[in-house]
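> Pasting coords-v7.txt below, which is compact mmCIF, C-alpha atoms.
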# COMPACT_ATOMS: atom_id res chain seq x y z
CA MET A 1 15.55 -8.98 -27.21
CA SER A 2 11.84 -8.28 -26.93
CA PRO A 3 10.47 -5.25 -28.78
CA SER A 4 9.63 -2.03 -26.98
CA TYR A 5 5.91 -1.99 -27.67
CA HIS A 6 5.41 1.71 -27.00
CA GLU A 7 7.77 2.47 -29.89
CA LEU A 8 5.74 0.45 -32.41
CA ASN A 9 2.89 1.96 -34.42
CA ASP A 10 -0.63 0.56 -34.20
CA SER A 11 -0.45 -1.52 -37.38
CA GLN A 12 2.82 -3.12 -36.21
CA LEU A 13 1.15 -3.98 -32.91
CA ALA A 14 -1.83 -5.43 -34.81
CA ASP A 15 0.56 -7.67 -36.76
CA LEU A 16 1.99 -8.93 -33.46
CA VAL A 17 -1.50 -9.54 -32.04
CA LYS A 18 -2.27 -11.71 -35.08
CA ARG A 19 0.68 -13.86 -33.98
CA GLU A 20 -0.86 -14.21 -30.50
CA ASN A 21 1.43 -11.66 -28.85
CA TYR A 22 -0.64 -10.66 -25.82
CA ASP A 23 1.79 -7.95 -24.73
CA ALA A 24 1.16 -6.20 -28.04
CA PHE A 25 -2.58 -6.32 -27.34
CA ALA A 26 -1.99 -4.91 -23.86
CA GLU A 27 -0.25 -1.93 -25.49
CA LEU A 28 -3.11 -1.48 -27.99
CA GLY A 29 -5.61 -1.76 -25.14
CA ALA A 30 -3.82 0.97 -23.22
CA ARG A 31 -3.68 3.19 -26.31
CA TYR A 32 -7.34 2.74 -27.19
CA LEU A 33 -8.85 2.73 -23.71
CA TRP A 34 -9.90 6.36 -24.17
CA LEU A 35 -11.73 5.50 -27.41
CA ILE A 36 -13.48 2.50 -25.87
CA ARG A 37 -14.62 4.58 -22.89
CA THR A 38 -15.77 7.42 -25.16
CA LYS A 39 -17.81 5.10 -27.34
CA ALA A 40 -19.23 3.31 -24.29
CA SER A 41 -20.43 6.63 -22.86
CA GLN A 42 -22.35 7.28 -26.10
CA PHE A 43 -24.43 4.16 -25.46
CA GLU A 44 -24.96 4.45 -21.72
CA SER A 45 -28.21 6.39 -21.78
CA ALA A 46 -29.73 4.36 -24.62
CA ALA A 47 -28.74 0.92 -23.38
CA ALA A 48 -29.65 -1.13 -20.38
CA LEU A 49 -26.06 -2.34 -20.46
CA GLU A 50 -23.64 -1.18 -17.83
CA ARG A 51 -20.53 0.78 -18.77
CA GLU A 52 -18.34 -2.20 -17.81
CA ASP A 53 -20.21 -4.46 -20.25
CA LEU A 54 -19.87 -1.90 -23.02
CA CYS A 55 -16.14 -1.55 -22.33
CA GLN A 56 -15.73 -5.33 -22.49
CA GLU A 57 -17.44 -5.32 -25.86
CA GLY A 58 -15.14 -2.49 -26.90
CA PHE A 59 -12.06 -4.54 -26.03
CA LEU A 60 -13.49 -7.45 -28.02
CA GLY A 61 -13.99 -5.08 -30.95
CA LEU A 62 -10.40 -3.86 -30.60
CA TYR A 63 -9.11 -7.43 -30.54
CA PHE A 64 -11.13 -8.25 -33.66
CA ALA A 65 -9.74 -5.11 -35.34
CA ALA A 66 -6.17 -6.13 -34.52
CA CYS A 67 -6.70 -9.68 -35.79
CA SER A 68 -8.39 -8.66 -39.04
CA TYR A 69 -6.65 -5.38 -39.95
CA GLU A 70 -4.99 -5.23 -43.36
CA LYS A 71 -2.84 -2.21 -44.28
CA LYS A 72 -3.65 -2.64 -47.93
CA GLY A 73 -7.33 -1.95 -47.13
CA GLY A 74 -6.52 1.75 -47.17
CA ALA A 75 -7.88 2.79 -43.77
CA ALA A 76 -5.67 3.76 -40.87
CA PHE A 77 -5.76 1.29 -37.97
CA LYS A 78 -7.29 3.94 -35.70
CA THR A 79 -10.21 4.41 -38.10
CA TYR A 80 -10.70 0.68 -38.57
CA ALA A 81 -10.50 0.01 -34.83
CA GLY A 82 -13.04 2.74 -34.14
CA VAL A 83 -15.50 1.16 -36.56
CA CYS A 84 -14.95 -2.34 -35.12
CA ILE A 85 -15.40 -1.08 -31.55
CA GLN A 86 -18.54 0.85 -32.51
CA ASN A 87 -20.00 -2.14 -34.37
CA ARG A 88 -19.32 -4.49 -31.47
CA MET A 89 -21.02 -2.16 -28.98
CA THR A 90 -23.95 -1.53 -31.32
CA SER A 91 -24.44 -5.25 -31.76
CA ALA A 92 -24.28 -5.81 -27.98
CA VAL A 93 -26.91 -3.14 -27.35
CA ARG A 94 -29.20 -4.61 -30.01
CA ASN A 95 -28.83 -8.13 -28.65
CA HIS A 96 -28.97 -7.23 -24.97
CA LYS A 97 -32.52 -8.38 -24.41
CA ASN A 98 -32.03 -11.50 -26.51
CA ALA A 99 -32.25 -14.79 -24.62
CA GLY A 100 -29.29 -16.05 -26.64
CA ASN A 101 -27.00 -13.35 -25.30
CA ARG A 102 -24.54 -15.64 -23.54
CA PRO A 103 -21.37 -13.58 -24.12
CA LEU A 104 -22.51 -10.60 -22.04
CA ASN A 105 -24.06 -12.73 -19.33
CA GLU A 106 -20.89 -14.78 -18.98
CA SER A 107 -18.38 -11.95 -19.31
CA VAL A 108 -15.55 -11.61 -16.86
CA SER A 109 -15.62 -8.32 -14.98
CA LEU A 110 -12.95 -5.80 -15.94
CA GLU A 111 -13.07 -4.41 -12.42
CA ALA A 112 -12.67 -7.83 -10.83
CA ALA A 113 -8.90 -7.49 -11.15
CA GLY A 114 -8.66 -4.08 -9.56
CA ASP A 115 -11.95 -2.48 -8.41
CA ALA A 116 -11.43 0.82 -10.23
CA PRO A 117 -13.67 3.79 -9.38
CA ALA A 118 -14.89 6.09 -12.17
CA ALA A 119 -12.37 8.85 -11.35
CA PHE A 120 -9.61 6.27 -11.84
CA TRP A 121 -9.71 6.74 -15.60
CA ASP A 122 -8.90 10.45 -15.50
CA GLU A 123 -5.53 10.20 -13.77
CA PRO A 124 -2.35 9.45 -15.81
CA GLU A 125 -0.77 7.52 -12.93
CA ALA A 126 -3.89 5.42 -12.59
CA LEU A 127 -3.88 4.68 -16.31
CA LEU A 128 -0.28 3.51 -16.05
CA GLU A 129 -1.25 1.24 -13.15
CA LEU A 130 -4.17 -0.06 -15.21
CA ARG A 131 -1.86 -0.78 -18.11
CA GLU A 132 0.54 -2.70 -15.87
CA SER A 133 -2.37 -4.58 -14.31
CA PHE A 134 -3.76 -5.40 -17.74
CA GLU A 135 -0.36 -6.60 -18.95
CA GLY A 136 -0.05 -8.77 -15.84
CA PHE A 137 -3.49 -10.21 -16.44
CA LEU A 138 -2.63 -11.02 -20.06
CA SER A 139 0.62 -12.69 -18.97
CA LYS A 140 -1.25 -14.78 -16.40
CA MET A 141 -3.86 -15.64 -19.01
CA LYS A 142 -1.18 -16.74 -21.47
CA LEU A 143 0.34 -19.03 -18.84
CA ALA A 144 -3.01 -20.37 -17.61
CA LEU A 145 -4.51 -21.21 -21.02
CA SER A 146 -3.45 -24.12 -23.16
CA PRO A 147 -2.81 -23.57 -26.88
CA LEU A 148 -6.23 -25.07 -27.68
CA GLU A 149 -7.91 -22.78 -25.14
CA ARG A 150 -6.11 -19.73 -26.56
CA ARG A 151 -7.21 -20.78 -30.05
CA ALA A 152 -10.82 -21.20 -28.90
CA LEU A 153 -10.74 -17.77 -27.25
CA SER A 154 -9.27 -16.23 -30.39
CA LEU A 155 -11.99 -17.83 -32.54
CA TYR A 156 -14.66 -16.63 -30.13
CA LEU A 157 -13.30 -13.09 -30.10
CA SER A 158 -12.92 -13.00 -33.88
CA GLY A 159 -16.69 -12.92 -34.20
CA LEU A 160 -17.14 -16.23 -36.02
CA LYS A 161 -20.55 -17.76 -35.55
CA ARG A 162 -20.49 -20.99 -33.59
CA GLU A 163 -21.65 -22.93 -36.66
CA GLU A 164 -18.69 -21.63 -38.69
CA ILE A 165 -16.06 -23.01 -36.31
CA PRO A 166 -15.75 -26.55 -37.76
CA LYS A 167 -15.53 -25.31 -41.34
CA LYS A 168 -13.19 -22.34 -40.79
CA ALA A 169 -11.01 -23.68 -37.98
CA GLY A 170 -11.16 -27.44 -38.34
CA LEU A 171 -12.23 -27.75 -34.72
CA SER A 172 -15.31 -29.69 -33.65
CA LEU A 173 -18.05 -27.76 -31.87
CA LYS A 174 -17.70 -29.99 -28.83
CA SER A 175 -13.95 -29.28 -28.59
CA PHE A 176 -14.60 -25.57 -29.08
CA ASP A 177 -17.36 -25.44 -26.45
CA ASN A 178 -15.31 -27.44 -23.94
CA ALA A 179 -12.21 -25.29 -24.46
CA LEU A 180 -14.22 -22.08 -24.19
CA GLY A 181 -15.85 -23.36 -20.99
CA ARG A 182 -12.40 -24.00 -19.51
CA VAL A 183 -11.30 -20.51 -20.59
CA ARG A 184 -14.26 -18.92 -18.80
CA SER A 185 -13.61 -20.97 -15.70
CA LYS A 186 -9.90 -20.09 -15.63
CA LEU A 187 -10.53 -16.40 -16.28
CA ARG A 188 -13.08 -16.23 -13.47
CA SER A 189 -10.63 -17.84 -11.06
CA MET A 190 -7.93 -15.32 -12.06
Go ahead and render the structure in this file as C-alpha cells.

Amino acid sequence: MSPSYHELNDSQLADLVKRENYDAFAELGARYLWLIRTKASQFESAAALEREDLCQEGFLGLYFAACSYEKKGGAAFKTYAGVCIQNRMTSAVRNHKNAGNRPLNESVSLEAAGDAPAAFWDEPEALLELRESFEGFLSKMKLALSPLERRALSLYLSGLKREEIPKKAGLSLKSFDNALGRVRSKLRSM
C-alpha cells in the first residue's frame, strides 16, 4: 500500500525524494509553494527575471534541499529548504545577465501545463487543482523519462557543476549532455 504523503512530515518526504519518489516531491512542492512565491516576490523588483523564472529556480532549490537534507545537521527541513530556495534564486539573479545562463533560458514554463493567472494562487481550491496538476505532471515525467534521463535530471538539479559529473557520478559528459537534451525535449513536449 502506498503511503499517504500528506500524513508524512517534511523530512520523511525528503527521504522519499532521495529515493526518486516523485509523488513525495509533489507533496513537498505543494507544501512549499507559498514559500517559493514569497521569496520570488522579494526578488521581482530587483531582478530582470520574471516571477515564473524565479519560481522555477525556487522549485530547483527545494529539490536540492530534499536531496541533500540530513536530519543530523541540526536544522529543521523548513529552515534548510528556505535557505536552499533563497540561495538558488539569489544565484539566478546574479547570473541572469551571464551569457552562460543556459538553465534559465532553457527552462520549461510552469504555466505551460495550466495557464494560471496571478489570482490563482490565492484560492485554496485552485491550489488543490495545482497540486493535482503537478502530481500528474510528475507522473507523466516519470513514465516519459528513462532511468538514465531521470539520473541526468537529478544530477543537474543537485547543483553539480558540469565538470564534476564524470568524477561524482561516473557518467561521461557526452552521455550527461545527451540525456539532459532528451529530458528538455520530452518536458517541452509534455
> Let me make sure I understand: among A:Ser139, A:Thr90, A:Asn21, A:Ser172, which one has the smallest atom-to-atom distance to Tyr63 of chain A if we use all atoms listed in the file?
A:Asn21
> Mind checking which residues fall within 12 Å of Asp177 of chain A, counting all atoms listed in the file, ignoring those fewer than 4 positions away in the same chain, and posting them as a list in words?
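The residues satisfying every condition are Leu148, Glu149, Arg151, Ala152, Leu153, Leu155, Tyr156, Arg162, Glu163, Ile165, Pro166, Leu171, Ser172, Leu173, Gly181, Arg182, Val183 and Arg184 of chain A.
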> Can you work out which one of A:Lys78, A:Arg188, A:Arg37, A:Lys161 has the shortest atom-to-atom distance to Glu52 of chain A, counting all atoms listed in the file?
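Among the listed residues, the smallest separation from Glu52 of chain A belongs to A:Arg37.
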> Restricting the calculation to only C-alpha atoms: of A:Lys167, A:Ala144, A:Ser68, A:Glu132, which residue gets closest to Ala30 of chain A?
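Counting only C-alpha atoms, the residue closest to Ala30 of chain A is A:Glu132.
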> Write out as a CSV table (one decimal) with C-alpha atoms, in the frame of the given file each polymer residue whose atoms come within 8 Å of Ala81 of chain A, counting only C-alpha atoms; drop sequence neighbours fewer than 4 positions from it.

chain,number,residue,atom,x,y,z
A,61,GLY,CA,-14.0,-5.1,-31.0
A,62,LEU,CA,-10.4,-3.9,-30.6
A,65,ALA,CA,-9.7,-5.1,-35.3
A,66,ALA,CA,-6.2,-6.1,-34.5
A,77,PHE,CA,-5.8,1.3,-38.0
A,85,ILE,CA,-15.4,-1.1,-31.6
> Would you mind telling me which residue in A:His96, A:Arg150, A:Lys140, A:Arg131 lies nearest to Leu33 of chain A when using all atoms listed in the file?
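The closest residue to Leu33 of chain A is A:Arg131.
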> Could you check which residues have any atom within 12 Å of (1.3, -2.6, -35.8), counting all atoms listed in the file with coordinates taken straight from the file, and then list them as a PDB file with C-alpha atoms, in the frame of the given file?

ATOM      1  CA  PRO A   3      10.470  -5.250 -28.780  1.00  0.00           C
ATOM      2  CA  TYR A   5       5.910  -1.990 -27.670  1.00  0.00           C
ATOM      3  CA  HIS A   6       5.410   1.710 -27.000  1.00  0.00           C
ATOM      4  CA  GLU A   7       7.770   2.470 -29.890  1.00  0.00           C
ATOM      5  CA  LEU A   8       5.740   0.450 -32.410  1.00  0.00           C
ATOM      6  CA  ASN A   9       2.890   1.960 -34.420  1.00  0.00           C
ATOM      7  CA  ASP A  10      -0.630   0.560 -34.200  1.00  0.00           C
ATOM      8  CA  SER A  11      -0.450  -1.520 -37.380  1.00  0.00           C
ATOM      9  CA  GLN A  12       2.820  -3.120 -36.210  1.00  0.00           C
ATOM     10  CA  LEU A  13       1.150  -3.980 -32.910  1.00  0.00           C
ATOM     11  CA  ALA A  14      -1.830  -5.430 -34.810  1.00  0.00           C
ATOM     12  CA  ASP A  15       0.560  -7.670 -36.760  1.00  0.00           C
ATOM     13  CA  LEU A  16       1.990  -8.930 -33.460  1.00  0.00           C
ATOM     14  CA  VAL A  17      -1.500  -9.540 -32.040  1.00  0.00           C
ATOM     15  CA  LYS A  18      -2.270 -11.710 -35.080  1.00  0.00           C
ATOM     16  CA  ARG A  19       0.680 -13.860 -33.980  1.00  0.00           C
ATOM     17  CA  ASN A  21       1.430 -11.660 -28.850  1.00  0.00           C
ATOM     18  CA  ALA A  24       1.160  -6.200 -28.040  1.00  0.00           C
ATOM     19  CA  PHE A  25      -2.580  -6.320 -27.340  1.00  0.00           C
ATOM     20  CA  GLU A  27      -0.250  -1.930 -25.490  1.00  0.00           C
ATOM     21  CA  LEU A  28      -3.110  -1.480 -27.990  1.00  0.00           C
ATOM     22  CA  ALA A  65      -9.740  -5.110 -35.340  1.00  0.00           C
ATOM     23  CA  ALA A  66      -6.170  -6.130 -34.520  1.00  0.00           C
ATOM     24  CA  CYS A  67      -6.700  -9.680 -35.790  1.00  0.00           C
ATOM     25  CA  SER A  68      -8.390  -8.660 -39.040  1.00  0.00           C
ATOM     26  CA  TYR A  69      -6.650  -5.380 -39.950  1.00  0.00           C
ATOM     27  CA  GLU A  70      -4.990  -5.230 -43.360  1.00  0.00           C
ATOM     28  CA  LYS A  71      -2.840  -2.210 -44.280  1.00  0.00           C
ATOM     29  CA  ALA A  76      -5.670   3.760 -40.870  1.00  0.00           C
ATOM     30  CA  PHE A  77      -5.760   1.290 -37.970  1.00  0.00           C
ATOM     31  CA  LYS A  78      -7.290   3.940 -35.700  1.00  0.00           C
TER      32      LYS A  78
END
> Ranking A:Leu60, A:Leu54, A:Leu160, A:Leu143 by minimum distance to Arg94 of chain A and counting only C-alpha atoms, which one comes first?
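Among the listed residues, the smallest separation from Arg94 of chain A belongs to A:Leu54.
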> What box, with edges along x, y and z, holds each listed atom of segment 132-151 of chain A when 6 Å is added on every side, and can you state its centre and edge lengths in Å to one decimal, as lines of an AutoDock Vina configuration file?

center_x = -3.6
center_y = -13.9
center_z = -22.2
size_x = 20.5
size_y = 34.4
size_z = 27.7
> Considering all atoms listed in the file, state which residue in the set A:Met89, A:Cys84, A:Ala26, A:Ala75 is at the smallest distance from Arg51 of chain A.
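Among A:Met89, A:Cys84, A:Ala26, A:Ala75, it is A:Met89 that comes nearest to Arg51 of chain A.
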> Find the distance between atom CA of Ile36 of chain A and atom CA of Lys168 of chain A and write it in Å to one decimal.
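Between these atoms lies a distance of 29.0 Å.
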> Would you mind reading off the distance between atom CA of Glu135 of chain A and atom CA of Gln56 of chain A, one decimal, in Å?
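Going from atom CA of Glu135 of chain A over to atom CA of Gln56 of chain A covers 15.8 Å.
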> Work out how far apart atom CA of Leu35 of chain A and atom CA of Gly82 of chain A are and give it in Å to one decimal.
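Distance reported for this atom pair: 7.4 Å.
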> Write out N, CA and C atoms for segment 130-163 of chain A, as a CSV table (one decimal), in the frame of the given file.

chain,number,residue,atom,x,y,z
A,130,LEU,N,-3.2,0.8,-14.5
A,130,LEU,CA,-4.2,-0.1,-15.2
A,130,LEU,C,-3.5,-0.8,-16.3
A,131,ARG,N,-2.6,-0.1,-17.0
A,131,ARG,CA,-1.9,-0.8,-18.1
A,131,ARG,C,-1.0,-1.9,-17.6
A,132,GLU,N,-0.3,-1.7,-16.5
A,132,GLU,CA,0.5,-2.7,-15.9
A,132,GLU,C,-0.3,-3.9,-15.4
A,133,SER,N,-1.5,-3.5,-14.8
A,133,SER,CA,-2.4,-4.6,-14.3
A,133,SER,C,-2.9,-5.4,-15.5
A,134,PHE,N,-3.3,-4.7,-16.6
A,134,PHE,CA,-3.8,-5.4,-17.7
A,134,PHE,C,-2.7,-6.3,-18.3
A,135,GLU,N,-1.5,-5.8,-18.4
A,135,GLU,CA,-0.4,-6.6,-19.0
A,135,GLU,C,-0.1,-7.8,-18.1
A,136,GLY,N,-0.2,-7.6,-16.8
A,136,GLY,CA,0.0,-8.8,-15.8
A,136,GLY,C,-1.1,-9.8,-16.0
A,137,PHE,N,-2.4,-9.3,-16.2
A,137,PHE,CA,-3.5,-10.2,-16.4
A,137,PHE,C,-3.3,-11.0,-17.7
A,138,LEU,N,-2.9,-10.3,-18.8
A,138,LEU,CA,-2.6,-11.0,-20.1
A,138,LEU,C,-1.5,-12.1,-19.9
A,139,SER,N,-0.5,-11.7,-19.2
A,139,SER,CA,0.6,-12.7,-19.0
A,139,SER,C,0.1,-13.9,-18.2
A,140,LYS,N,-0.7,-13.7,-17.2
A,140,LYS,CA,-1.2,-14.8,-16.4
A,140,LYS,C,-2.2,-15.6,-17.3
A,141,MET,N,-2.9,-14.9,-18.1
A,141,MET,CA,-3.9,-15.6,-19.0
A,141,MET,C,-3.1,-16.5,-20.0
A,142,LYS,N,-2.0,-16.0,-20.5
A,142,LYS,CA,-1.2,-16.7,-21.5
A,142,LYS,C,-0.6,-18.0,-20.8
A,143,LEU,N,-0.2,-17.9,-19.6
A,143,LEU,CA,0.3,-19.0,-18.8
A,143,LEU,C,-0.8,-20.0,-18.5
A,144,ALA,N,-1.9,-19.5,-18.1
A,144,ALA,CA,-3.0,-20.4,-17.6
A,144,ALA,C,-3.7,-21.2,-18.7
A,145,LEU,N,-3.8,-20.6,-19.9
A,145,LEU,CA,-4.5,-21.2,-21.0
A,145,LEU,C,-3.6,-22.1,-21.9
A,146,SER,N,-4.2,-23.2,-22.2
A,146,SER,CA,-3.4,-24.1,-23.2
A,146,SER,C,-3.5,-23.6,-24.6
A,147,PRO,N,-2.7,-24.1,-25.5
A,147,PRO,CA,-2.8,-23.6,-26.9
A,147,PRO,C,-4.2,-23.7,-27.5
A,148,LEU,N,-4.9,-24.9,-27.2
A,148,LEU,CA,-6.2,-25.1,-27.7
A,148,LEU,C,-7.2,-24.1,-27.1
A,149,GLU,N,-7.0,-23.8,-25.8
A,149,GLU,CA,-7.9,-22.8,-25.1
A,149,GLU,C,-7.7,-21.4,-25.7
A,150,ARG,N,-6.4,-21.0,-25.9
A,150,ARG,CA,-6.1,-19.7,-26.6
A,150,ARG,C,-6.7,-19.6,-28.0
A,151,ARG,N,-6.6,-20.7,-28.7
A,151,ARG,CA,-7.2,-20.8,-30.0
A,151,ARG,C,-8.7,-20.6,-30.0
A,152,ALA,N,-9.4,-21.3,-29.1
A,152,ALA,CA,-10.8,-21.2,-28.9
A,152,ALA,C,-11.2,-19.8,-28.5
A,153,LEU,N,-10.5,-19.2,-27.6
A,153,LEU,CA,-10.7,-17.8,-27.2
A,153,LEU,C,-10.6,-16.8,-28.4
A,154,SER,N,-9.5,-17.0,-29.2
A,154,SER,CA,-9.3,-16.2,-30.4
A,154,SER,C,-10.4,-16.4,-31.4
A,155,LEU,N,-10.9,-17.6,-31.6
A,155,LEU,CA,-12.0,-17.8,-32.5
A,155,LEU,C,-13.2,-17.1,-32.0
A,156,TYR,N,-13.5,-17.3,-30.7
A,156,TYR,CA,-14.7,-16.6,-30.1
A,156,TYR,C,-14.6,-15.1,-30.3
A,157,LEU,N,-13.5,-14.5,-30.0
A,157,LEU,CA,-13.3,-13.1,-30.1
A,157,LEU,C,-13.3,-12.6,-31.5
A,158,SER,N,-13.0,-13.4,-32.5
A,158,SER,CA,-12.9,-13.0,-33.9
A,158,SER,C,-14.3,-12.7,-34.5
A,159,GLY,N,-15.3,-13.2,-33.7
A,159,GLY,CA,-16.7,-12.9,-34.2
A,159,GLY,C,-17.3,-14.0,-35.1
A,160,LEU,N,-16.6,-15.1,-35.2
A,160,LEU,CA,-17.1,-16.2,-36.0
A,160,LEU,C,-18.4,-16.8,-35.3
A,161,LYS,N,-19.4,-17.1,-36.1
A,161,LYS,CA,-20.6,-17.8,-35.6
A,161,LYS,C,-20.2,-19.2,-35.1
A,162,ARG,N,-20.8,-19.7,-34.1
A,162,ARG,CA,-20.5,-21.0,-33.6
A,162,ARG,C,-20.5,-22.1,-34.7
A,163,GLU,N,-21.5,-21.9,-35.6
A,163,GLU,CA,-21.6,-22.9,-36.7
A,163,GLU,C,-20.5,-22.9,-37.7
